[in-house]
$ cat start-v9.cif   # mmCIF, C-alpha atoms
data_target
loop_
_atom_site.group_PDB
_atom_site.id
_atom_site.type_symbol
_atom_site.label_atom_id
_atom_site.label_comp_id
_atom_site.auth_asym_id
_atom_site.auth_seq_id
_atom_site.Cartn_x
_atom_site.Cartn_y
_atom_site.Cartn_z
ATOM 1 C CA MET A 1 -83.707 -211.003 176.008
ATOM 2 C CA ILE A 2 -84.317 -208.878 179.106
ATOM 3 C CA ARG A 3 -86.385 -206.433 177.079
ATOM 4 C CA TRP A 4 -88.491 -209.308 175.728
ATOM 5 C CA GLY A 5 -89.031 -210.672 179.258
ATOM 6 C CA PHE A 6 -89.964 -207.209 180.516
ATOM 7 C CA ARG A 7 -92.523 -206.816 177.707
ATOM 8 C CA ARG A 8 -93.998 -210.220 178.531
ATOM 9 C CA LEU A 9 -94.313 -209.200 182.172
ATOM 10 C CA LEU A 10 -96.046 -205.982 181.161
ATOM 11 C CA LEU A 11 -98.524 -208.012 179.111
ATOM 12 C CA LEU A 12 -99.530 -209.759 182.322
ATOM 13 C CA ILE A 13 -101.321 -206.625 183.522
ATOM 14 C CA PRO A 14 -103.860 -206.229 180.686
ATOM 15 C CA THR A 15 -104.304 -209.999 180.513
ATOM 16 C CA PHE A 16 -105.084 -210.089 184.229
ATOM 17 C CA VAL A 17 -107.531 -207.185 183.926
ATOM 18 C CA VAL A 18 -109.343 -208.753 180.953
ATOM 19 C CA ILE A 19 -109.618 -212.227 182.495
ATOM 20 C CA THR A 20 -110.742 -210.959 185.895
ATOM 21 C CA GLY A 21 -113.116 -208.528 184.180
ATOM 22 C CA ILE A 22 -114.729 -211.388 182.268
ATOM 23 C CA ALA A 23 -115.021 -213.488 185.437
ATOM 24 C CA PHE A 24 -116.511 -210.565 187.388
ATOM 25 C CA THR A 25 -118.962 -209.786 184.580
ATOM 26 C CA LEU A 26 -120.108 -213.412 184.403
ATOM 27 C CA LEU A 27 -120.670 -213.410 188.159
ATOM 28 C CA LYS A 28 -122.735 -210.244 187.899
ATOM 29 C CA LEU A 29 -124.750 -211.571 184.938
ATOM 30 C CA ALA A 30 -125.622 -214.831 186.693
ATOM 31 C CA PRO A 31 -129.369 -215.147 187.157
ATOM 32 C CA GLY A 32 -130.931 -214.440 190.516
ATOM 33 C CA GLU A 33 -130.327 -211.691 192.989
ATOM 34 C CA THR A 34 -128.698 -212.323 196.344
ATOM 35 C CA THR A 35 -131.745 -211.123 198.244
ATOM 36 C CA GLY A 36 -134.031 -213.408 196.264
ATOM 37 C CA VAL A 37 -131.773 -216.430 196.640
ATOM 38 C CA LEU A 38 -131.557 -215.940 200.397
ATOM 39 C CA GLY A 39 -135.316 -215.545 200.667
ATOM 40 C CA LEU A 40 -135.102 -211.918 201.772
ATOM 41 C CA THR A 41 -137.942 -210.871 199.480
ATOM 42 C CA GLY A 42 -141.616 -211.429 199.873
ATOM 43 C CA ASP A 43 -144.178 -210.743 202.539
ATOM 44 C CA GLY A 44 -143.051 -209.032 205.713
ATOM 45 C CA ILE A 45 -139.766 -207.653 204.376
ATOM 46 C CA SER A 46 -139.777 -204.009 203.471
ATOM 47 C CA PRO A 47 -137.904 -202.598 200.482
ATOM 48 C CA GLN A 48 -136.018 -200.377 202.946
ATOM 49 C CA SER A 49 -134.686 -203.484 204.737
ATOM 50 C CA ILE A 50 -133.546 -204.968 201.434
ATOM 51 C CA ALA A 51 -131.889 -201.679 200.430
ATOM 52 C CA GLN A 52 -130.152 -201.490 203.812
ATOM 53 C CA TRP A 53 -128.932 -205.103 203.462
ATOM 54 C CA GLU A 54 -127.589 -204.413 199.944
ATOM 55 C CA SER A 55 -125.940 -201.194 201.111
ATOM 56 C CA LEU A 56 -124.314 -202.975 204.032
ATOM 57 C CA ARG A 57 -122.743 -205.502 201.649
ATOM 58 C CA GLY A 58 -121.825 -202.985 198.955
ATOM 59 C CA ILE A 59 -124.166 -204.426 196.331
ATOM 60 C CA ASP A 60 -125.516 -200.974 195.491
ATOM 61 C CA ASP A 61 -122.030 -199.464 194.989
ATOM 62 C CA PRO A 62 -120.934 -198.481 191.467
ATOM 63 C CA ILE A 63 -119.721 -201.431 189.388
ATOM 64 C CA TRP A 64 -116.076 -200.260 189.263
ATOM 65 C CA VAL A 65 -116.011 -199.986 193.071
ATOM 66 C CA GLN A 66 -117.394 -203.519 193.343
ATOM 67 C CA TYR A 67 -114.789 -204.751 190.821
ATOM 68 C CA GLY A 68 -111.939 -203.074 192.734
ATOM 69 C CA ARG A 69 -113.140 -204.517 196.029
ATOM 70 C CA TRP A 70 -113.508 -207.950 194.400
ATOM 71 C CA ILE A 71 -109.951 -207.822 192.967
ATOM 72 C CA HIS A 72 -108.503 -206.721 196.315
ATOM 73 C CA ARG A 73 -110.301 -209.473 198.197
ATOM 74 C CA THR A 74 -109.293 -212.075 195.631
ATOM 75 C CA LEU A 75 -105.615 -211.102 195.722
ATOM 76 C CA THR A 76 -105.585 -211.132 199.537
ATOM 77 C CA PHE A 77 -107.528 -214.436 199.721
ATOM 78 C CA ASP A 78 -110.380 -212.760 201.578
ATOM 79 C CA PHE A 79 -113.387 -214.608 200.189
ATOM 80 C CA GLY A 80 -115.807 -213.139 202.688
ATOM 81 C CA THR A 81 -118.284 -214.892 204.919
ATOM 82 C CA SER A 82 -120.668 -217.625 203.876
ATOM 83 C CA LEU A 83 -124.226 -216.357 203.655
ATOM 84 C CA VAL A 84 -125.495 -219.789 204.717
ATOM 85 C CA SER A 85 -123.213 -220.858 207.577
ATOM 86 C CA GLU A 86 -121.900 -217.357 208.441
ATOM 87 C CA ARG A 87 -118.343 -218.740 208.666
ATOM 88 C CA PRO A 88 -115.309 -217.329 206.847
ATOM 89 C CA ILE A 89 -115.043 -219.002 203.453
ATOM 90 C CA ARG A 90 -111.246 -219.053 203.698
ATOM 91 C CA THR A 91 -111.528 -221.239 206.816
ATOM 92 C CA MET A 92 -113.967 -223.560 205.074
ATOM 93 C CA VAL A 93 -111.614 -223.923 202.089
ATOM 94 C CA LEU A 94 -108.632 -224.604 204.352
ATOM 95 C CA GLU A 95 -110.623 -227.273 206.207
ATOM 96 C CA ALA A 96 -111.407 -229.088 202.949
ATOM 97 C CA LEU A 97 -107.902 -228.707 201.486
ATOM 98 C CA PRO A 98 -106.212 -231.781 203.061
ATOM 99 C CA LYS A 99 -108.864 -234.202 201.821
ATOM 100 C CA THR A 100 -108.942 -232.519 198.425
ATOM 101 C CA LEU A 101 -105.163 -232.836 198.086
ATOM 102 C CA TRP A 102 -105.344 -236.480 199.194
ATOM 103 C CA ILE A 103 -107.988 -237.338 196.592
ATOM 104 C CA THR A 104 -106.343 -235.458 193.715
ATOM 105 C CA SER A 105 -102.843 -236.753 194.441
ATOM 106 C CA SER A 106 -104.175 -240.314 194.726
ATOM 107 C CA ALA A 107 -105.987 -239.929 191.409
ATOM 108 C CA LEU A 108 -102.836 -238.536 189.785
ATOM 109 C CA VAL A 109 -100.672 -241.408 191.032
ATOM 110 C CA LEU A 110 -103.228 -244.018 189.930
ATOM 111 C CA ALA A 111 -103.577 -242.395 186.511
ATOM 112 C CA TYR A 112 -99.821 -242.400 185.949
ATOM 113 C CA VAL A 113 -99.368 -245.978 187.182
ATOM 114 C CA PHE A 114 -102.186 -247.407 185.071
ATOM 115 C CA GLY A 115 -101.306 -245.217 182.095
ATOM 116 C CA ILE A 116 -97.641 -246.279 182.050
ATOM 117 C CA LEU A 117 -98.470 -249.951 182.648
ATOM 118 C CA GLY A 118 -101.117 -249.888 179.932
ATOM 119 C CA ALA A 119 -98.760 -248.206 177.477
ATOM 120 C CA LEU A 120 -96.083 -250.816 178.185
ATOM 121 C CA VAL A 121 -98.540 -253.663 177.562
ATOM 122 C CA LEU A 122 -99.709 -252.077 174.319
ATOM 123 C CA MET A 123 -96.130 -251.433 173.163
ATOM 124 C CA ARG A 124 -95.068 -254.973 173.906
ATOM 125 C CA ASN A 125 -98.002 -256.413 171.942
ATOM 126 C CA ARG A 126 -97.749 -254.042 168.964
ATOM 127 C CA GLY A 127 -99.113 -255.542 165.756
ATOM 128 C CA ARG A 128 -101.726 -257.776 167.321
ATOM 129 C CA PRO A 129 -105.330 -257.140 166.282
ATOM 130 C CA TRP A 130 -106.672 -256.533 169.810
ATOM 131 C CA VAL A 131 -104.149 -253.734 170.378
ATOM 132 C CA GLU A 132 -105.610 -251.712 167.508
ATOM 133 C CA TRP A 133 -109.106 -252.074 168.978
ATOM 134 C CA VAL A 134 -107.932 -251.042 172.420
ATOM 135 C CA GLU A 135 -106.215 -247.965 170.944
ATOM 136 C CA ARG A 136 -109.384 -247.019 169.051
ATOM 137 C CA LEU A 137 -111.434 -247.429 172.219
ATOM 138 C CA LEU A 138 -109.011 -245.275 174.231
ATOM 139 C CA PHE A 139 -108.954 -242.512 171.604
ATOM 140 C CA SER A 140 -112.763 -242.550 171.473
ATOM 141 C CA ALA A 141 -113.005 -242.396 175.265
ATOM 142 C CA TYR A 142 -110.546 -239.504 175.354
ATOM 143 C CA ALA A 143 -112.883 -237.507 173.105
ATOM 144 C CA LEU A 144 -115.797 -237.796 175.543
ATOM 145 C CA PRO A 145 -116.515 -234.888 177.905
ATOM 146 C CA ASN A 146 -115.018 -235.410 181.362
ATOM 147 C CA TYR A 147 -118.192 -234.479 183.212
ATOM 148 C CA TRP A 148 -120.199 -237.066 181.266
ATOM 149 C CA VAL A 149 -117.639 -239.819 181.876
ATOM 150 C CA ALA A 150 -117.608 -238.935 185.585
ATOM 151 C CA LEU A 151 -121.397 -239.098 185.752
ATOM 152 C CA VAL A 152 -121.493 -242.481 183.988
ATOM 153 C CA LEU A 153 -118.796 -243.854 186.309
ATOM 154 C CA VAL A 154 -120.714 -242.655 189.371
ATOM 155 C CA VAL A 155 -123.892 -244.337 188.126
ATOM 156 C CA LEU A 156 -122.043 -247.563 187.284
ATOM 157 C CA PHE A 157 -119.894 -247.884 190.393
ATOM 158 C CA ALA A 158 -121.673 -245.924 193.140
ATOM 159 C CA GLY A 159 -125.340 -245.354 192.422
ATOM 160 C CA GLY A 160 -128.318 -247.020 190.859
ATOM 161 C CA ASP A 161 -128.805 -250.779 190.766
ATOM 162 C CA PHE A 162 -125.394 -251.548 189.311
ATOM 163 C CA LEU A 163 -122.145 -252.448 191.033
ATOM 164 C CA GLN A 164 -122.257 -250.101 194.068
ATOM 165 C CA LEU A 165 -118.571 -250.591 194.846
ATOM 166 C CA PHE A 166 -118.044 -247.084 196.209
ATOM 167 C CA PRO A 167 -120.035 -244.845 198.538
ATOM 168 C CA LEU A 168 -122.091 -242.263 196.711
ATOM 169 C CA ARG A 169 -120.919 -239.455 198.993
ATOM 170 C CA GLY A 170 -118.468 -238.915 201.784
ATOM 171 C CA LEU A 171 -114.855 -239.923 202.037
ATOM 172 C CA GLY A 172 -115.382 -242.722 204.529
ATOM 173 C CA PRO A 173 -113.093 -242.820 207.543
ATOM 174 C CA SER A 174 -111.347 -239.533 208.218
ATOM 175 C CA LEU A 175 -107.670 -239.113 207.453
ATOM 176 C CA ASN A 176 -106.938 -238.949 211.188
ATOM 177 C CA GLU A 177 -108.429 -242.364 211.909
ATOM 178 C CA SER A 178 -106.336 -245.432 211.317
ATOM 179 C CA ALA A 179 -107.596 -246.968 208.095
ATOM 180 C CA SER A 180 -105.954 -249.003 205.434
ATOM 181 C CA LEU A 181 -105.350 -247.737 201.929
ATOM 182 C CA ILE A 182 -108.023 -250.113 200.640
ATOM 183 C CA GLU A 183 -110.616 -248.495 202.954
ATOM 184 C CA PHE A 184 -109.672 -245.059 201.588
ATOM 185 C CA VAL A 185 -109.897 -246.227 197.973
ATOM 186 C CA LEU A 186 -113.162 -248.082 198.483
#
$ encode --input "start-v9.cif" --output "structure tokens"
Amino acid sequence: MIRWGFRRLLLLIPTFVVITGIAFTLLKLAPGETTGVLGLTGDGISPQSIAQWESLRGIDDPIWVQYGRWIHRTLTFDFGTSLVSERPIRTMVLEALPKTLWITSSALVLAYVFGILGALVLMRNRGRPWVEWVERLLFSAYALPNYWVALVLVVLFAGGDFLQLFPLRGLGPSLNESASLIEFVL
């Protein structure tokens, strides 16, 4: 049993290298160069300035050096500095974390409550014709892509000329302000 566990732990290493290698490769293959995206190309900017900028950020280093630096920074949670706001990305993530946890935990609780209540109603009414239709509808909805369902729900409940029950962006009152649960949900 210990030998089996040790072998499984050793398999973590090549799995980690392969998965991070794929992620790093996809990042490198993404279209657009950093200098072009930031608008550092064009009239008035010399190729020497671009080369100096790339050298300063290690973009011109060999690929294995870039991969090693990327792994080290990922494992130490050093995500660098934002090229737009010039703030540490780690700080920006930590600022957004409380609201993100609030939204995801609220969604999880609501999903469990409505899921369990719905299952109880369907179980109690087993054998009735409408239950079969509801089950078919739920199985069909489950097969739809999440991103598409989210987009349709946003259009129905937040945007367009439909219900507009929720704000299209923003959380509303901050978590520090005194607001009721209904104000947070709506």
$ atom_distance --input "start-v9.cif" --atom1 "atom CA of A:Gly5" --atom2 "atom CA of A:Leu75"
23.4 Å
$ resolve_selection --input "start-v9.cif" --expression "the PyMOL selection byres ((chain A and resi 58-67) around 12)" --output "CSV table (one decimal) with C-alpha atoms, in the frame of the given file"
chain,number,residue,atom,x,y,z
A,17,VAL,CA,-107.5,-207.2,183.9
A,18,VAL,CA,-109.3,-208.8,181.0
A,20,THR,CA,-110.7,-211.0,185.9
A,21,GLY,CA,-113.1,-208.5,184.2
A,22,ILE,CA,-114.7,-211.4,182.3
A,23,ALA,CA,-115.0,-213.5,185.4
A,24,PHE,CA,-116.5,-210.6,187.4
A,25,THR,CA,-119.0,-209.8,184.6
A,27,LEU,CA,-120.7,-213.4,188.2
A,28,LYS,CA,-122.7,-210.2,187.9
A,33,GLU,CA,-130.3,-211.7,193.0
A,34,THR,CA,-128.7,-212.3,196.3
A,35,THR,CA,-131.7,-211.1,198.2
A,50,ILE,CA,-133.5,-205.0,201.4
A,51,ALA,CA,-131.9,-201.7,200.4
A,52,GLN,CA,-130.2,-201.5,203.8
A,53,TRP,CA,-128.9,-205.1,203.5
A,54,GLU,CA,-127.6,-204.4,199.9
A,55,SER,CA,-125.9,-201.2,201.1
A,56,LEU,CA,-124.3,-203.0,204.0
A,57,ARG,CA,-122.7,-205.5,201.6
A,68,GLY,CA,-111.9,-203.1,192.7
A,69,ARG,CA,-113.1,-204.5,196.0
A,70,TRP,CA,-113.5,-208.0,194.4
A,71,ILE,CA,-110.0,-207.8,193.0
A,72,HIS,CA,-108.5,-206.7,196.3
A,73,ARG,CA,-110.3,-209.5,198.2
A,74,THR,CA,-109.3,-212.1,195.6
$ axis_aligned_box --input "start-v9.cif" --around "stretch 129-143 of chain A" --padding-each-side "5 Å" --output "JSON"
{"center_x": -108.6, "center_y": -247.3, "center_z": 170.8, "size_x": 18.9, "size_y": 29.6, "size_z": 19.1}
$ atom_distance --input "start-v9.cif" --atom1 "atom CA of A:Tyr142" --atom2 "atom CA of A:Leu101"
24.3 Å
$ residues_around --input "start-v9.cif" --residues "A:Val121" --least-positions-apart "5" --cutoff "12 Å" --atoms "all atoms listed in the file" --output "short mmCIF file (atom, residue, chain, number, x, y, z; two decimals) with C-alpha atoms, keeping the file's coordinate frame"
data_model
loop_
_atom_site.label_atom_id
_atom_site.label_comp_id
_atom_site.auth_asym_id
_atom_site.auth_seq_id
_atom_site.Cartn_x
_atom_site.Cartn_y
_atom_site.Cartn_z
CA PHE A 114 -102.19 -247.41 185.07
CA GLY A 115 -101.31 -245.22 182.10
CA ILE A 116 -97.64 -246.28 182.05
CA ARG A 126 -97.75 -254.04 168.96
CA GLY A 127 -99.11 -255.54 165.76
CA ARG A 128 -101.73 -257.78 167.32
CA TRP A 130 -106.67 -256.53 169.81
CA VAL A 131 -104.15 -253.73 170.38
CA VAL A 134 -107.93 -251.04 172.42
CA GLU A 135 -106.22 -247.96 170.94
#
$ atom_distance --input "start-v9.cif" --atom1 "atom CA of A:Phe79" --atom2 "atom CA of A:Met92"
10.2 Å
